[in-house]
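With mmCIF, C-alpha atoms and all ligand atoms inside, this is target_37.cif:
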```
data_input
loop_
_atom_site.label_atom_id
_atom_site.label_comp_id
_atom_site.auth_asym_id
_atom_site.auth_seq_id
_atom_site.Cartn_x
_atom_site.Cartn_y
_atom_site.Cartn_z
CA MET A 1 47.03 -44.80 18.79
CA LYS A 2 49.35 -42.56 16.78
CA LYS A 3 52.72 -41.97 18.42
CA ILE A 4 54.04 -38.48 18.98
CA THR A 5 57.43 -36.83 19.53
CA ILE A 6 58.22 -35.50 23.00
CA ALA A 7 60.98 -32.90 23.51
CA ILE A 8 62.22 -32.13 27.02
CA ASP A 9 64.64 -29.21 27.23
CA GLY A 10 66.03 -27.21 30.10
CA PHE A 11 68.99 -26.37 32.29
CA SER A 12 71.60 -28.92 33.32
CA SER A 13 70.89 -31.23 36.27
CA CYS A 14 67.17 -30.43 36.37
CA GLY A 15 66.14 -34.05 36.26
CA LYS A 16 65.25 -34.01 32.57
CA SER A 17 66.65 -37.47 31.96
CA THR A 18 64.87 -39.01 34.96
CA MET A 19 61.61 -37.54 33.80
CA ALA A 20 62.14 -38.47 30.15
CA LYS A 21 63.24 -42.03 30.89
CA ASP A 22 60.35 -42.71 33.30
CA LEU A 23 57.77 -41.41 30.83
CA ALA A 24 59.29 -43.36 27.92
CA LYS A 25 59.14 -46.57 29.95
CA LYS A 26 55.54 -46.02 30.97
CA ILE A 27 54.25 -45.27 27.48
CA GLY A 28 56.55 -47.64 25.58
CA TYR A 29 58.53 -44.97 23.73
CA VAL A 30 62.27 -44.84 23.01
CA TYR A 31 64.29 -42.54 25.27
CA VAL A 32 67.28 -40.65 23.87
CA ASP A 33 69.63 -38.63 26.09
CA SER A 34 71.10 -36.10 23.64
CA GLY A 35 73.47 -34.67 26.28
CA ALA A 36 75.14 -38.09 26.50
CA MET A 37 76.08 -37.73 22.83
CA TYR A 38 77.89 -34.41 23.43
CA ARG A 39 79.54 -35.97 26.46
CA ALA A 40 80.72 -38.95 24.39
CA VAL A 41 82.29 -36.64 21.77
CA THR A 42 84.01 -34.77 24.62
CA LEU A 43 85.37 -38.01 26.10
CA TYR A 44 86.68 -39.01 22.68
CA ALA A 45 88.39 -35.61 22.31
CA MET A 46 89.96 -35.98 25.78
CA GLU A 47 91.20 -39.48 25.07
CA HIS A 48 92.70 -38.45 21.74
CA ASP A 49 94.71 -35.51 23.04
CA CYS A 50 92.51 -32.79 21.61
CA PHE A 51 92.55 -31.05 25.00
CA ASN A 52 95.44 -29.34 26.68
CA GLY A 53 93.87 -28.68 30.08
CA ASN A 54 90.63 -26.94 29.13
CA GLN A 55 92.06 -25.72 25.83
CA LEU A 56 90.59 -27.54 22.83
CA ASP A 57 92.36 -28.07 19.50
CA VAL A 58 89.25 -27.53 17.38
CA GLU A 59 90.82 -28.52 14.05
CA LYS A 60 92.12 -31.78 15.49
CA LEU A 61 88.63 -32.69 16.68
CA ARG A 62 87.07 -31.61 13.38
CA ASN A 63 89.33 -34.09 11.56
CA MET A 64 88.32 -36.87 13.95
CA MET A 65 84.55 -36.45 13.69
CA ASN A 66 84.21 -39.25 11.13
CA ASP A 67 85.88 -41.69 13.54
CA ILE A 68 83.25 -41.15 16.23
CA SER A 69 80.25 -43.42 16.39
CA ILE A 70 77.72 -43.11 19.20
CA SER A 71 74.98 -45.59 19.98
CA PHE A 72 72.71 -46.62 22.85
CA GLN A 73 71.80 -50.00 24.29
CA PHE A 74 68.97 -50.49 26.74
CA ASN A 75 70.19 -51.71 30.13
CA PRO A 76 67.42 -53.68 31.89
CA GLU A 77 69.19 -53.29 35.26
CA THR A 78 69.08 -49.48 35.30
CA GLY A 79 66.00 -49.23 33.08
CA LYS A 80 67.74 -46.76 30.78
CA PRO A 81 70.00 -46.85 27.76
CA ASP A 82 73.77 -47.01 28.21
CA THR A 83 75.89 -44.86 25.93
CA TYR A 84 78.41 -46.56 23.65
CA LEU A 85 81.34 -44.83 21.97
CA ASN A 86 82.74 -46.82 19.05
CA ASN A 87 81.06 -49.93 20.48
CA LYS A 88 82.54 -49.51 23.98
CA LYS A 89 80.31 -48.72 26.94
CA VAL A 90 81.18 -45.27 28.30
CA GLU A 91 78.10 -44.58 30.43
CA ASP A 92 80.05 -43.92 33.66
CA ARG A 93 83.06 -42.25 32.08
CA ILE A 94 80.96 -39.57 30.37
CA ARG A 95 79.44 -38.49 33.72
CA THR A 96 82.69 -37.48 35.47
CA MET A 97 83.52 -33.88 36.46
CA GLU A 98 86.39 -33.87 33.93
CA VAL A 99 83.91 -34.38 31.10
CA SER A 100 81.31 -32.02 32.65
CA GLU A 101 83.92 -29.26 32.78
CA ARG A 102 84.75 -29.56 29.07
CA VAL A 103 81.48 -30.57 27.43
CA SER A 104 80.13 -27.02 26.93
CA ILE A 105 83.16 -26.17 24.79
CA VAL A 106 82.54 -29.17 22.53
CA ALA A 107 78.76 -28.67 22.45
CA ALA A 108 79.23 -25.10 21.19
CA LEU A 109 81.00 -26.21 17.97
CA ASP A 110 78.85 -25.99 14.86
CA PHE A 111 80.35 -29.06 13.15
CA VAL A 112 79.72 -31.17 16.28
CA ARG A 113 76.12 -29.94 16.54
CA THR A 114 75.37 -30.52 12.86
CA GLU A 115 76.48 -34.14 13.19
CA MET A 116 74.69 -34.78 16.50
CA VAL A 117 71.44 -33.15 15.36
CA ALA A 118 71.40 -35.32 12.20
CA GLN A 119 71.83 -38.47 14.33
CA GLN A 120 69.15 -37.32 16.79
CA GLN A 121 66.70 -36.67 13.98
CA ALA A 122 67.39 -40.15 12.63
CA PHE A 123 66.64 -41.67 16.07
CA GLY A 124 63.27 -39.89 16.08
CA LYS A 125 62.26 -40.56 12.49
CA GLU A 126 59.55 -43.03 13.42
CA LYS A 127 58.14 -40.85 16.24
CA GLY A 128 57.45 -42.56 19.58
CA VAL A 129 60.55 -40.93 21.04
CA VAL A 130 61.20 -38.93 24.20
CA MET A 131 64.40 -36.91 23.81
CA ASP A 132 65.93 -34.58 26.35
CA GLY A 133 68.52 -31.85 25.84
CA ARG A 134 68.82 -28.13 25.21
CA ASP A 135 67.63 -27.61 21.64
CA ILE A 136 65.28 -30.52 21.04
CA GLY A 137 62.09 -28.44 20.85
CA THR A 138 63.76 -25.61 18.95
CA THR A 139 66.19 -27.24 16.51
CA VAL A 140 66.06 -31.05 16.50
CA PHE A 141 62.25 -31.49 16.52
CA PRO A 142 60.65 -28.06 16.05
CA ASP A 143 57.41 -29.89 15.16
CA ALA A 144 57.34 -32.06 18.31
CA GLU A 145 53.76 -32.46 19.52
CA LEU A 146 54.73 -32.09 23.19
CA LYS A 147 57.50 -29.75 24.36
CA ILE A 148 58.52 -29.27 27.98
CA PHE A 149 60.98 -26.71 29.32
CA LEU A 150 62.31 -27.70 32.72
CA THR A 151 64.01 -25.52 35.29
CA ALA A 152 65.00 -25.50 38.98
CA SER A 153 67.22 -23.28 41.13
CA PRO A 154 71.01 -23.71 40.64
CA GLU A 155 71.47 -24.69 44.32
CA ILE A 156 68.88 -27.44 44.15
CA ARG A 157 70.37 -28.74 40.90
CA ALA A 158 73.89 -28.75 42.39
CA GLN A 159 72.63 -30.63 45.43
CA ARG A 160 70.99 -33.26 43.24
CA ARG A 161 74.15 -33.77 41.19
CA TYR A 162 76.26 -33.86 44.37
CA GLU A 163 74.12 -36.66 45.78
CA GLU A 164 74.18 -38.52 42.47
CA LEU A 165 78.00 -38.48 42.31
CA LYS A 166 78.34 -39.42 45.98
CA ALA A 167 75.99 -42.36 45.49
CA LYS A 168 78.27 -43.56 42.70
CA GLY A 169 81.27 -43.25 45.01
CA GLN A 170 82.79 -40.40 42.98
CA ASP A 171 84.65 -37.54 44.63
CA ALA A 172 82.64 -34.34 44.64
CA SER A 173 82.60 -30.90 46.22
CA PHE A 174 79.26 -29.11 46.43
CA ASN A 175 80.78 -25.68 45.70
CA GLU A 176 82.66 -26.97 42.69
CA ILE A 177 79.47 -28.53 41.32
CA LEU A 178 77.48 -25.34 41.95
CA GLU A 179 80.08 -23.33 40.03
CA ASN A 180 79.97 -25.86 37.21
CA VAL A 181 76.15 -25.72 37.09
CA LYS A 182 76.19 -21.90 36.88
CA GLU A 183 78.95 -21.80 34.32
CA ARG A 184 77.18 -24.34 32.11
CA ASP A 185 73.91 -22.38 32.36
CA TYR A 186 75.74 -19.32 31.13
CA LEU A 187 77.54 -21.13 28.31
CA ASP A 188 74.41 -23.02 27.23
CA MET A 189 72.38 -19.80 27.05
CA HIS A 190 75.00 -17.65 25.38
CA ARG A 191 76.55 -19.86 22.73
CA GLU A 192 76.06 -18.81 19.12
CA VAL A 193 74.72 -22.09 17.74
CA SER A 194 71.40 -23.34 19.14
CA PRO A 195 71.56 -21.60 22.52
CA LEU A 196 69.35 -22.88 25.32
CA VAL A 197 66.05 -21.06 24.96
CA GLN A 198 62.47 -22.02 25.75
CA ALA A 199 60.51 -22.84 22.59
CA LYS A 200 57.45 -20.61 22.20
CA ASP A 201 55.11 -23.59 22.38
CA ALA A 202 56.86 -25.37 25.28
CA VAL A 203 55.17 -25.91 28.65
CA LEU A 204 57.33 -24.54 31.48
CA LEU A 205 57.88 -26.53 34.68
CA ASP A 206 59.95 -25.41 37.69
CA ASN A 207 60.48 -28.61 39.67
CA SER A 208 62.55 -27.07 42.52
CA ASN A 209 59.98 -28.17 45.08
CA MET A 210 58.62 -31.29 43.47
CA THR A 211 59.33 -34.93 44.13
CA ILE A 212 60.12 -37.25 41.25
CA GLU A 213 56.67 -38.82 41.63
CA GLN A 214 54.97 -35.42 41.42
CA GLN A 215 56.87 -34.40 38.33
CA ASN A 216 56.21 -37.75 36.66
CA GLU A 217 52.52 -37.39 37.37
CA TRP A 218 52.55 -33.86 35.95
CA LEU A 219 54.31 -35.03 32.78
CA MET A 220 51.95 -37.96 32.30
CA LYS A 221 49.04 -35.50 32.43
CA GLN A 222 50.68 -33.32 29.78
CA PHE A 223 51.13 -36.38 27.59
CA GLU A 224 47.53 -37.51 28.03
CA LEU A 225 46.23 -34.03 27.22
CA ARG A 226 48.28 -33.92 24.02
CA ILE A 227 47.17 -37.39 22.98
CA GLU A 228 43.52 -36.52 23.67
CA ASP A 229 43.84 -33.44 21.48
CA ARG A 230 45.02 -35.56 18.58
CA ASN A 231 42.60 -38.48 18.75
O1 LIG B 1 72.28 -32.76 29.81
P1 LIG B 1 73.77 -32.89 30.04
O2 LIG B 1 74.27 -32.13 31.23
O3 LIG B 1 74.23 -34.30 30.07
O4 LIG B 1 74.44 -32.21 28.75
C1 LIG B 1 75.80 -32.15 28.59
C2 LIG B 1 76.19 -30.88 27.84
O5 LIG B 1 75.78 -30.99 26.48
C3 LIG B 1 75.63 -29.58 28.38
O6 LIG B 1 76.68 -28.70 28.75
C4 LIG B 1 74.86 -28.98 27.26
C5 LIG B 1 75.14 -29.82 26.07
N1 LIG B 1 73.92 -30.19 25.33
C6 LIG B 1 73.59 -29.43 24.24
O7 LIG B 1 74.27 -28.45 23.96
N2 LIG B 1 72.52 -29.78 23.49
C7 LIG B 1 71.77 -30.83 23.80
N3 LIG B 1 70.73 -31.14 23.03
C8 LIG B 1 72.09 -31.61 24.94
C9 LIG B 1 73.17 -31.25 25.70
#
```
I'd like the structure from this file rewritten - as structure tokens, please.
Ligand code: DC
Amino acid sequence: MKKITIAIDGFSSCGKSTMAKDLAKKIGYVYVDSGAMYRAVTLYAMEHDCFNGNQLDVEKLRNMMNDISISFQFNPETGKPDTYLNNKKVEDRIRTMEVSERVSIVAALDFVRTEMVAQQQAFGKEKGVVMDGRDIGTTVFPDAELKIFLTASPEIRAQRRYEELKAKGQDASFNEILENVKERDYLDMHREVSPLVQAKDAVLLDNSNMTIEQQNEWLMKQFELRIEDRN
């Protein structure tokens, strides 16, 4: 059976990565979390003094771009790939609030996006990939055979992230997370380069009132329909 490309875009903390990773596992595709790549660049910038508070020295980061190498390694324990920055595992460090607060600034830079998009396209060259992000169906893989656009209410998304951080033992305040979710929605939708927008041919899903099992089932159906169409 011919493999296809699956693009899952949508707002932050909608459960895109859960959905994408579960589907990839079931159908034997590679899963790529494109947001993790922007987070890794942000962590690098933070650790190399490109930030003064939330103020970014853009030229400093531009000159460092060639020193940043991002890769993924499948972790059988979690069932998903861990993110590596210059061969060091950074999976937990890229998920902190400090990184979440700064990542939109980094993800809005054209030179960062050009580099990340090129790497993402290379990951998907052979098809058989499920990639989640903001611009996968519009910019990275405009020809993807299956495109999903995922959304849920900001409050529900903040609650999910709050529980996720708590479970990891990280300090979190619900209100702070809710503010961060709303602010990132705004920045993601209003940035100049590749803003978050639903691709014309994407299937919309609001999963506010769905369980993970229900959304996985829904996605599997979408996949089967697309595969049927092609065979
Ligand atoms: O999905 P996430 O929350 O881990 O993404 C982190 C940030 O990266 C988010 O603020 C939006 C940005 N991003 C992007 O601009 N384009 C992508 N393809 C993926 C993420």
Rows by chain and residue number, chain A within 7 Å of ligand LIG 1 (chain B), shortest pair, only C-alpha atoms and all ligand atoms, as JSON lines:
```
{"residue": "A:Ser12", "atom": "CA", "partner": "B:LIG1", "partner_atom": "O2", "distance": 4.7}
{"residue": "A:Ser13", "atom": "CA", "partner": "B:LIG1", "partner_atom": "O2", "distance": 6.1}
{"residue": "A:Ser34", "atom": "CA", "partner": "B:LIG1", "partner_atom": "C8", "distance": 4.8}
{"residue": "A:Gly35", "atom": "CA", "partner": "B:LIG1", "partner_atom": "C9", "distance": 3.5}
{"residue": "A:Ala36", "atom": "CA", "partner": "B:LIG1", "partner_atom": "O3", "distance": 5.3}
{"residue": "A:Tyr38", "atom": "CA", "partner": "B:LIG1", "partner_atom": "O5", "distance": 5.0}
{"residue": "A:Arg39", "atom": "CA", "partner": "B:LIG1", "partner_atom": "C1", "distance": 5.8}
{"residue": "A:Ser100", "atom": "CA", "partner": "B:LIG1", "partner_atom": "C1", "distance": 6.8}
{"residue": "A:Val103", "atom": "CA", "partner": "B:LIG1", "partner_atom": "C2", "distance": 5.3}
{"residue": "A:Ser104", "atom": "CA", "partner": "B:LIG1", "partner_atom": "O6", "distance": 4.2}
{"residue": "A:Ala107", "atom": "CA", "partner": "B:LIG1", "partner_atom": "O7", "distance": 4.7}
{"residue": "A:Ala108", "atom": "CA", "partner": "B:LIG1", "partner_atom": "O7", "distance": 6.6}
{"residue": "A:Asp132", "atom": "CA", "partner": "B:LIG1", "partner_atom": "N3", "distance": 6.8}
{"residue": "A:Gly133", "atom": "CA", "partner": "B:LIG1", "partner_atom": "N3", "distance": 3.6}
{"residue": "A:Arg134", "atom": "CA", "partner": "B:LIG1", "partner_atom": "N3", "distance": 4.2}
{"residue": "A:Asp135", "atom": "CA", "partner": "B:LIG1", "partner_atom": "N3", "distance": 4.9}
{"residue": "A:Ile136", "atom": "CA", "partner": "B:LIG1", "partner_atom": "N3", "distance": 5.8}
{"residue": "A:Arg184", "atom": "CA", "partner": "B:LIG1", "partner_atom": "O6", "distance": 5.5}
{"residue": "A:Asp188", "atom": "CA", "partner": "B:LIG1", "partner_atom": "C4", "distance": 6.0}
```
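With all atoms listed in the file as the atoms that count, the minimum distance from Met19 of chain A to the choices A:Glu164, A:Tyr31, A:Ala202, A:Leu178 is reached by A:Tyr31.
Between Arg157 of chain A and the candidates A:Asn87, A:Ser71, A:Asn175, A:Thr139, the tightest atom-to-atom separation, counting all atoms listed in the file, involves A:Asn175.
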*Check the smallest atom-to-atom distance from each of A:Phe141, A:Ile212, A:Gly53, A:Phe111 to Val193 of chain A using only C-alpha atoms, then report the winner.*
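When distances to Val193 of chain A are compared using only C-alpha atoms, the smallest one comes from A:Phe111.
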*What does the distance from atom CA of Glu145 of chain A to atom CA of Gln214 of chain A come to in Å, to one decimal?*
22.1 Å
*Taking into account only C-alpha atoms, which residue in the set A:Val140, A:Val30, A:Ile177, A:Leu196 is nearest to Pro81 of chain A?*
A:Val30
*For Ile156 of chain A: contacts at 9 Å, all atoms listed in the file, fewer than 3 positions along chain excluded, given as a ChimeraX atom specification*: /A:13-14,152-153,159-161,208-209
*So what do you get for atom CA of Glu98 of chain A versus atom CA of His48 of chain A, distance-wise?*
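According to the coordinates, atom CA of Glu98 of chain A and atom CA of His48 of chain A are separated by 14.5 Å.
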Could you model N, CA, C and O atoms for segment 184-206 of chain A and present them as an mmCIF file, in the frame of the given file?
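Okay, rebuild-v1.cif is ready:
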```cif
data_model
loop_
_atom_site.group_PDB
_atom_site.id
_atom_site.type_symbol
_atom_site.label_atom_id
_atom_site.label_comp_id
_atom_site.auth_asym_id
_atom_site.auth_seq_id
_atom_site.Cartn_x
_atom_site.Cartn_y
_atom_site.Cartn_z
ATOM 1 N N ARG A 184 77.809 -23.668 33.263
ATOM 2 C CA ARG A 184 77.180 -24.340 32.110
ATOM 3 C C ARG A 184 75.885 -23.650 31.700
ATOM 4 O O ARG A 184 75.573 -23.556 30.522
ATOM 5 N N ASP A 185 75.127 -23.152 32.689
ATOM 6 C CA ASP A 185 73.910 -22.380 32.360
ATOM 7 C C ASP A 185 74.290 -21.225 31.454
ATOM 8 O O ASP A 185 73.654 -20.983 30.428
ATOM 9 N N TYR A 186 75.333 -20.508 31.876
ATOM 10 C CA TYR A 186 75.740 -19.320 31.130
ATOM 11 C C TYR A 186 76.175 -19.713 29.716
ATOM 12 O O TYR A 186 75.722 -19.127 28.731
ATOM 13 N N LEU A 187 77.028 -20.718 29.630
ATOM 14 C CA LEU A 187 77.540 -21.130 28.310
ATOM 15 C C LEU A 187 76.414 -21.659 27.423
ATOM 16 O O LEU A 187 76.343 -21.351 26.230
ATOM 17 N N ASP A 188 75.518 -22.446 28.016
ATOM 18 C CA ASP A 188 74.410 -23.020 27.230
ATOM 19 C C ASP A 188 73.501 -21.922 26.671
ATOM 20 O O ASP A 188 73.020 -22.008 25.549
ATOM 21 N N MET A 189 73.299 -20.863 27.480
ATOM 22 C CA MET A 189 72.380 -19.800 27.050
ATOM 23 C C MET A 189 73.020 -18.798 26.104
ATOM 24 O O MET A 189 72.320 -18.109 25.369
ATOM 25 N N HIS A 190 74.345 -18.706 26.151
ATOM 26 C CA HIS A 190 75.000 -17.650 25.380
ATOM 27 C C HIS A 190 75.789 -18.128 24.178
ATOM 28 O O HIS A 190 76.441 -17.325 23.518
ATOM 29 N N ARG A 191 75.776 -19.422 23.901
ATOM 30 C CA ARG A 191 76.550 -19.860 22.730
ATOM 31 C C ARG A 191 75.825 -19.418 21.456
ATOM 32 O O ARG A 191 74.603 -19.197 21.446
ATOM 33 N N GLU A 192 76.627 -19.334 20.377
ATOM 34 C CA GLU A 192 76.060 -18.810 19.120
ATOM 35 C C GLU A 192 75.119 -19.804 18.451
ATOM 36 O O GLU A 192 74.063 -19.440 17.948
ATOM 37 N N VAL A 193 75.527 -21.084 18.441
ATOM 38 C CA VAL A 193 74.720 -22.090 17.740
ATOM 39 C C VAL A 193 73.729 -22.721 18.706
ATOM 40 O O VAL A 193 74.117 -23.242 19.747
ATOM 41 N N SER A 194 72.456 -22.708 18.339
ATOM 42 C CA SER A 194 71.400 -23.340 19.140
ATOM 43 C C SER A 194 71.522 -23.074 20.643
ATOM 44 O O SER A 194 71.653 -24.019 21.425
ATOM 45 N N PRO A 195 71.489 -21.837 21.073
ATOM 46 C CA PRO A 195 71.560 -21.600 22.520
ATOM 47 C C PRO A 195 70.323 -22.146 23.231
ATOM 48 O O PRO A 195 69.285 -22.349 22.591
ATOM 49 N N LEU A 196 70.485 -22.378 24.529
ATOM 50 C CA LEU A 196 69.350 -22.880 25.320
ATOM 51 C C LEU A 196 68.301 -21.784 25.435
ATOM 52 O O LEU A 196 68.565 -20.723 26.002
ATOM 53 N N VAL A 197 67.131 -22.037 24.895
ATOM 54 C CA VAL A 197 66.050 -21.060 24.960
ATOM 55 C C VAL A 197 64.735 -21.848 24.960
ATOM 56 O O VAL A 197 64.636 -22.905 24.332
ATOM 57 N N GLN A 198 63.756 -21.325 25.689
ATOM 58 C CA GLN A 198 62.470 -22.020 25.750
ATOM 59 C C GLN A 198 61.722 -21.849 24.426
ATOM 60 O O GLN A 198 61.552 -20.717 23.965
ATOM 61 N N ALA A 199 61.301 -22.941 23.824
ATOM 62 C CA ALA A 199 60.510 -22.840 22.590
ATOM 63 C C ALA A 199 59.193 -22.146 22.919
ATOM 64 O O ALA A 199 58.658 -22.311 24.023
ATOM 65 N N LYS A 200 58.685 -21.386 21.963
ATOM 66 C CA LYS A 200 57.450 -20.610 22.200
ATOM 67 C C LYS A 200 56.288 -21.504 22.642
ATOM 68 O O LYS A 200 55.476 -21.123 23.461
ATOM 69 N N ASP A 201 56.231 -22.698 22.072
ATOM 70 C CA ASP A 201 55.110 -23.590 22.380
ATOM 71 C C ASP A 201 55.449 -24.645 23.429
ATOM 72 O O ASP A 201 54.769 -25.656 23.537
ATOM 73 N N ALA A 202 56.507 -24.404 24.224
ATOM 74 C CA ALA A 202 56.860 -25.370 25.280
ATOM 75 C C ALA A 202 56.117 -25.048 26.571
ATOM 76 O O ALA A 202 55.843 -23.885 26.864
ATOM 77 N N VAL A 203 55.807 -26.092 27.340
ATOM 78 C CA VAL A 203 55.170 -25.910 28.650
ATOM 79 C C VAL A 203 56.286 -25.820 29.685
ATOM 80 O O VAL A 203 57.165 -26.681 29.725
ATOM 81 N N LEU A 204 56.262 -24.770 30.501
ATOM 82 C CA LEU A 204 57.330 -24.540 31.480
ATOM 83 C C LEU A 204 57.025 -25.259 32.800
ATOM 84 O O LEU A 204 55.899 -25.195 33.296
ATOM 85 N N LEU A 205 58.039 -25.926 33.347
ATOM 86 C CA LEU A 205 57.880 -26.530 34.680
ATOM 87 C C LEU A 205 59.107 -26.214 35.537
ATOM 88 O O LEU A 205 60.237 -26.523 35.145
ATOM 89 N N ASP A 206 58.887 -25.599 36.702
ATOM 90 C CA ASP A 206 59.950 -25.410 37.690
ATOM 91 C C ASP A 206 59.749 -26.510 38.733
ATOM 92 O O ASP A 206 58.756 -26.505 39.453
#
```
